[in-house]
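J.: Next up, input_14.cif (mmCIF, C-alpha atoms).
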data_model
#
loop_
_atom_site.group_PDB
_atom_site.id
_atom_site.type_symbol
_atom_site.label_atom_id
_atom_site.label_comp_id
_atom_site.auth_asym_id
_atom_site.auth_seq_id
_atom_site.Cartn_x
_atom_site.Cartn_y
_atom_site.Cartn_z
ATOM 1 C CA MET T 1 -12.568 -10.658 -3.772
ATOM 2 C CA LYS T 2 -12.380 -10.046 -0.047
ATOM 3 C CA ILE T 3 -10.201 -8.034 2.298
ATOM 4 C CA THR T 4 -9.529 -9.380 5.776
ATOM 5 C CA LEU T 5 -7.886 -7.636 8.692
ATOM 6 C CA LEU T 6 -6.277 -10.401 10.751
ATOM 7 C CA THR T 7 -5.226 -9.350 14.243
ATOM 8 C CA VAL T 8 -3.560 -10.978 17.211
ATOM 9 C CA GLY T 9 -5.667 -10.267 20.271
ATOM 10 C CA LYS T 10 -9.218 -9.071 20.683
ATOM 11 C CA THR T 11 -10.242 -5.454 20.350
ATOM 12 C CA ASP T 12 -11.027 -4.828 24.001
ATOM 13 C CA LYS T 13 -11.042 -1.036 24.168
ATOM 14 C CA ASP T 14 -14.596 0.249 23.657
ATOM 15 C CA TRP T 15 -13.515 3.441 21.919
ATOM 16 C CA VAL T 16 -11.326 1.473 19.492
ATOM 17 C CA ARG T 17 -14.164 -0.990 18.832
ATOM 18 C CA GLN T 18 -16.563 1.894 18.126
ATOM 19 C CA GLY T 19 -14.159 3.481 15.640
ATOM 20 C CA LEU T 20 -13.425 0.163 14.027
ATOM 21 C CA ASP T 21 -17.143 -0.617 13.699
ATOM 22 C CA ILE T 22 -17.732 2.686 11.891
ATOM 23 C CA TYR T 23 -15.202 1.894 9.166
ATOM 24 C CA VAL T 24 -16.138 -1.778 8.898
ATOM 25 C CA SER T 25 -19.757 -0.783 8.241
ATOM 26 C CA ARG T 26 -18.671 1.803 5.676
ATOM 27 C CA LEU T 27 -16.343 -0.621 3.902
ATOM 28 C CA LYS T 28 -19.159 -3.105 3.331
ATOM 29 C CA HIS T 29 -20.502 -0.699 0.672
ATOM 30 C CA TYR T 30 -17.349 -1.250 -1.385
ATOM 31 C CA ILE T 31 -16.033 -4.762 -0.790
ATOM 32 C CA LEU T 32 -16.438 -7.866 1.316
ATOM 33 C CA PHE T 33 -14.495 -6.937 4.417
ATOM 34 C CA GLY T 34 -13.992 -8.887 7.596
ATOM 35 C CA ILE T 35 -11.960 -8.924 10.766
ATOM 36 C CA VAL T 36 -10.486 -12.094 12.227
ATOM 37 C CA GLU T 37 -9.245 -11.762 15.791
ATOM 38 C CA ILE T 38 -6.899 -14.460 17.019
ATOM 39 C CA PRO T 39 -7.130 -14.763 20.813
ATOM 40 C CA GLU T 40 -4.038 -13.714 22.733
ATOM 41 C CA LEU T 41 -1.956 -16.550 24.120
ATOM 42 C CA LYS T 42 -2.552 -17.487 27.744
ATOM 43 C CA ASN T 43 0.073 -18.231 30.400
ATOM 44 C CA VAL T 44 3.009 -16.807 28.462
ATOM 45 C CA SER T 45 5.099 -15.544 31.380
ATOM 46 C CA ALA T 46 7.431 -18.541 31.101
ATOM 47 C CA LEU T 47 7.871 -18.131 27.330
ATOM 48 C CA SER T 48 10.534 -16.093 25.570
ATOM 49 C CA LYS T 49 9.595 -13.391 23.058
ATOM 50 C CA GLU T 50 10.681 -15.720 20.270
ATOM 51 C CA GLN T 51 8.469 -18.541 21.558
ATOM 52 C CA ILE T 52 5.507 -16.160 21.779
ATOM 53 C CA LYS T 53 6.103 -14.958 18.207
ATOM 54 C CA ASN T 54 6.332 -18.554 16.973
ATOM 55 C CA LYS T 55 3.110 -19.629 18.700
ATOM 56 C CA GLU T 56 1.272 -16.551 17.444
ATOM 57 C CA GLY T 57 2.768 -17.200 14.012
ATOM 58 C CA GLU T 58 1.276 -20.688 13.929
ATOM 59 C CA LEU T 59 -2.153 -19.234 14.687
ATOM 60 C CA ILE T 60 -1.742 -16.531 12.044
ATOM 61 C CA LEU T 61 -0.731 -19.062 9.401
ATOM 62 C CA LYS T 62 -3.751 -21.246 10.216
ATOM 63 C CA ASN T 63 -5.961 -18.311 9.232
ATOM 64 C CA ILE T 64 -4.273 -17.667 5.880
ATOM 65 C CA ARG T 65 -4.983 -19.615 2.721
ATOM 66 C CA GLN T 66 -2.329 -20.509 0.183
ATOM 67 C CA THR T 67 -3.982 -18.232 -2.395
ATOM 68 C CA ASP T 68 -4.214 -15.137 -0.158
ATOM 69 C CA ASP T 69 -2.131 -12.039 -0.796
ATOM 70 C CA VAL T 70 -0.673 -11.446 2.679
ATOM 71 C CA ILE T 71 0.452 -7.959 3.675
ATOM 72 C CA LEU T 72 1.998 -7.447 7.093
ATOM 73 C CA LEU T 73 1.643 -4.181 8.971
ATOM 74 C CA ASP T 74 5.221 -3.970 10.124
ATOM 75 C CA GLU T 75 7.526 -1.207 11.319
ATOM 76 C CA ARG T 76 10.076 -2.317 8.713
ATOM 77 C CA GLY T 77 7.551 -2.124 5.902
ATOM 78 C CA LYS T 78 7.316 0.522 3.237
ATOM 79 C CA GLU T 79 5.403 3.710 3.999
ATOM 80 C CA TYR T 80 2.746 4.863 1.521
ATOM 81 C CA THR T 81 0.562 7.893 1.154
ATOM 82 C CA SER T 82 -3.176 7.284 1.199
ATOM 83 C CA VAL T 83 -3.292 7.780 -2.580
ATOM 84 C CA GLU T 84 -0.483 5.260 -3.077
ATOM 85 C CA LEU T 85 -2.268 2.732 -0.857
ATOM 86 C CA ALA T 86 -5.444 3.219 -2.888
ATOM 87 C CA LYS T 87 -3.490 2.484 -6.077
ATOM 88 C CA ILE T 88 -1.950 -0.654 -4.580
ATOM 89 C CA ILE T 89 -5.337 -1.969 -3.460
ATOM 90 C CA GLN T 90 -6.884 -1.079 -6.839
ATOM 91 C CA ASP T 91 -4.117 -2.910 -8.701
ATOM 92 C CA LYS T 92 -4.482 -5.972 -6.481
ATOM 93 C CA ILE T 93 -8.236 -6.035 -7.027
ATOM 94 C CA SER T 94 -7.956 -5.454 -10.773
ATOM 95 C CA TYR T 95 -5.030 -7.692 -11.660
ATOM 96 C CA ALA T 96 -4.238 -10.178 -8.934
ATOM 97 C CA GLY T 97 -7.747 -11.373 -8.163
ATOM 98 C CA LYS T 98 -6.625 -12.790 -4.828
ATOM 99 C CA ASP T 99 -8.174 -12.144 -1.451
ATOM 100 C CA ILE T 100 -6.066 -9.685 0.527
ATOM 101 C CA VAL T 101 -5.193 -10.337 4.158
ATOM 102 C CA PHE T 102 -3.656 -7.485 6.133
ATOM 103 C CA VAL T 103 -2.062 -8.790 9.329
ATOM 104 C CA ILE T 104 -1.494 -6.916 12.591
ATOM 105 C CA GLY T 105 0.789 -9.018 14.775
ATOM 106 C CA GLY T 106 1.233 -9.238 18.500
ATOM 107 C CA ALA T 107 3.341 -7.050 20.757
ATOM 108 C CA TYR T 108 6.613 -8.691 19.681
ATOM 109 C CA GLY T 109 5.984 -8.728 15.947
ATOM 110 C CA PHE T 110 5.965 -11.681 13.573
ATOM 111 C CA SER T 111 7.709 -15.031 13.485
ATOM 112 C CA ASP T 112 10.122 -15.857 10.687
ATOM 113 C CA ALA T 113 7.523 -18.236 9.229
ATOM 114 C CA VAL T 114 4.976 -15.420 8.923
ATOM 115 C CA TYR T 115 7.559 -13.139 7.296
ATOM 116 C CA GLN T 116 8.385 -15.903 4.818
ATOM 117 C CA ARG T 117 4.705 -16.418 3.969
ATOM 118 C CA SER T 118 3.965 -12.726 3.495
ATOM 119 C CA ASN T 119 3.844 -11.125 0.078
ATOM 120 C CA SER T 120 4.767 -7.653 1.312
ATOM 121 C CA LYS T 121 5.030 -5.361 4.334
ATOM 122 C CA LEU T 122 3.745 -1.879 4.928
ATOM 123 C CA SER T 123 4.299 0.591 7.713
ATOM 124 C CA LEU T 124 1.732 3.120 8.872
ATOM 125 C CA SER T 125 4.395 5.396 10.305
ATOM 126 C CA LYS T 126 7.858 5.541 11.790
ATOM 127 C CA MET T 127 6.054 6.105 15.085
ATOM 128 C CA THR T 128 4.768 3.202 17.149
ATOM 129 C CA PHE T 129 1.038 2.849 17.798
ATOM 130 C CA SER T 130 -0.695 0.432 20.124
ATOM 131 C CA HIS T 131 -1.942 -2.723 18.433
ATOM 132 C CA GLN T 132 -5.440 -1.716 19.497
ATOM 133 C CA MET T 133 -5.295 1.715 17.853
ATOM 134 C CA VAL T 134 -3.769 0.423 14.633
ATOM 135 C CA ARG T 135 -6.957 -1.537 13.936
ATOM 136 C CA ALA T 136 -9.145 1.566 13.763
ATOM 137 C CA ILE T 137 -6.488 3.693 12.052
ATOM 138 C CA PHE T 138 -5.855 1.108 9.350
ATOM 139 C CA ALA T 139 -9.547 0.342 8.781
ATOM 140 C CA GLU T 140 -10.008 4.072 8.182
ATOM 141 C CA GLN T 141 -7.144 4.020 5.664
ATOM 142 C CA ILE T 142 -8.707 1.131 3.758
ATOM 143 C CA TYR T 143 -12.010 3.019 3.708
ATOM 144 C CA ARG T 144 -10.175 6.154 2.552
ATOM 145 C CA ALA T 145 -8.515 4.119 -0.226
ATOM 146 C CA PHE T 146 -11.900 3.051 -1.571
ATOM 147 C CA THR T 147 -13.234 6.612 -1.523
ATOM 148 C CA ILE T 148 -10.128 7.709 -3.435
ATOM 149 C CA MET T 149 -10.646 4.919 -5.987
ATOM 150 C CA ARG T 150 -14.248 6.046 -6.481
ATOM 151 C CA GLY T 151 -13.434 9.743 -6.618
ATOM 152 C CA GLU T 152 -15.629 10.458 -3.610
ATOM 153 C CA PRO T 153 -15.104 13.649 -1.584
ATOM 154 C CA TYR T 154 -13.826 12.031 1.632
ATOM 155 C CA HIS T 155 -10.099 12.494 0.908
ATOM 156 C CA HIS T 156 -8.650 15.964 0.330
ATOM 157 C CA GLU T 157 -5.331 16.705 -1.341
#
For this file, produce the structure as structure tokens.
T.:
Amino acid sequence: MKITLLTVGKTDKDWVRQGLDIYVSRLKHYILFGIVEIPELKNVSALSKEQIKNKEGELILKNIRQTDDVILLDERGKEYTSVELAKIIQDKISYAGKDIVFVIGGAYGFSDAVYQRSNSKLSLSKMTFSHQMVRAIFAEQIYRAFTIMRGEPYHHE
């Protein structure tokens, strides 16, 4: 069982990378966890938003296996509390037995093909966050989910 955070674009902000590294190192105590960063497309000024989404979508799909449980971080996804997210992850680990891939798309979102391949969508908030910041925020939420599952004192209700 492995959890992967698949992102479009590199984490190029030092402060985001530092925060992300903290939670990645903590998560390794609970589960195999990795980050796959798909490089941003080059020379896209002549492309439409739809063309960019489709090209990014092809790269996303190349990094997903047929057996993966794919969850998109999407503004139209369902919002969960941290406790609810912990329960979802626990259920997936306990019953599904599939590797989980959480996907953070590019600036314009996901292509139709990626939506069709996904198993579900979740939203961190009704607010919009930069794609850079979402990486650290969501890694912290996955870490928080594991501490909740283990009854550790990190999360307070």
J.: Which residues would end up in the selection if the PyMOL selection byres ((chain T and resi 147) around 12) were applied here, given that I need the answer as a ChimeraX atom specification?
T.: /T:23,26-27,29-31,82-83,85-87,89-90,140-146,148-156
J.: Choose the residue, out of T:Thr4, T:Ser25, T:Gln18, T:Ser120, that has the smallest atom-to-atom separation from Leu73 (chain T); count all atoms listed in the file.
T.: T:Ser120
J.: Determine the residue set returned by the PyMOL selection byres ((chain T and resi 101-105) around 6) for the present structure, and present it as a ChimeraX atom specification.
T.: /T:3-8,70-73,100,106,109-110
J.: Within 7 Å of Lys10 (chain T), counting all atoms listed in the file, which residues show up once you throw out same-chain ones fewer than 5 positions away? Write them as a JSON list (two decimals) with C-alpha atoms, in the coordinates of the input, please.
T.:
[["chain", "number", "residue", "atom", "x", "y", "z"],
["T", 37, "GLU", "CA", -9.24, -11.76, 15.79],
["T", 38, "ILE", "CA", -6.90, -14.46, 17.02],
["T", 39, "PRO", "CA", -7.13, -14.76, 20.81]]
J.: I'd like the neighbourhood of Tyr108 (chain T) as an MDAnalysis selection string, where a residue qualifies if any of its atoms comes within 12 Å (using only C-alpha atoms), though same-chain residues fewer than 6 positions away should be ignored.
T.: chainID T and resid 8 48:57 74:75 130:131
J.: Return the single residue from T:Asp99, T:Asp69, T:Asp14, T:Glu79 that is closest to Met127 (chain T), with distances computed using all atoms listed in the file.
T.: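 The answer is T:Glu79, which sits nearest to Met127 (chain T).
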J.: What does the distance between CA of Leu61 (chain T) and CA of Ile22 (chain T) come to in Å, to one decimal place?
T.: 27.7 Å
J.: What does the distance from CA of Arg76 (chain T) to CA of Trp15 (chain T) come to in Å, to one decimal?
T.: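 For CA of Arg76 (chain T) relative to CA of Trp15 (chain T), the distance reads 27.6 Å.
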J.: Which polymer residues have any atom within 7 Å of an atom of Leu20 (chain T), counting only C-alpha atoms, with same-chain residues fewer than 6 positions away left out, as a ChimeraX atom specification?
T.: /T:135-136,139
J.: Just the number, please: distance in Å from CA of Leu32 (chain T) to CA of Ser118 (chain T), one decimal.
T.: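 Those two atoms sit 21.1 Å apart.
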J.: Counting all atoms listed in the file, which of T:Ala46, T:Ile35, T:Leu59, T:Ile88 gets nearest to Leu122 (chain T)?
T.: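 Residue with the minimum atom-to-atom distance to Leu122 (chain T): T:Ile88.
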J.: Out of T:Ser123, T:Gly34, T:Lys2, T:Ser111, which residue has the shortest atom-to-atom distance to Lys92 (chain T) when counting all atoms listed in the file?
T.: T:Lys2
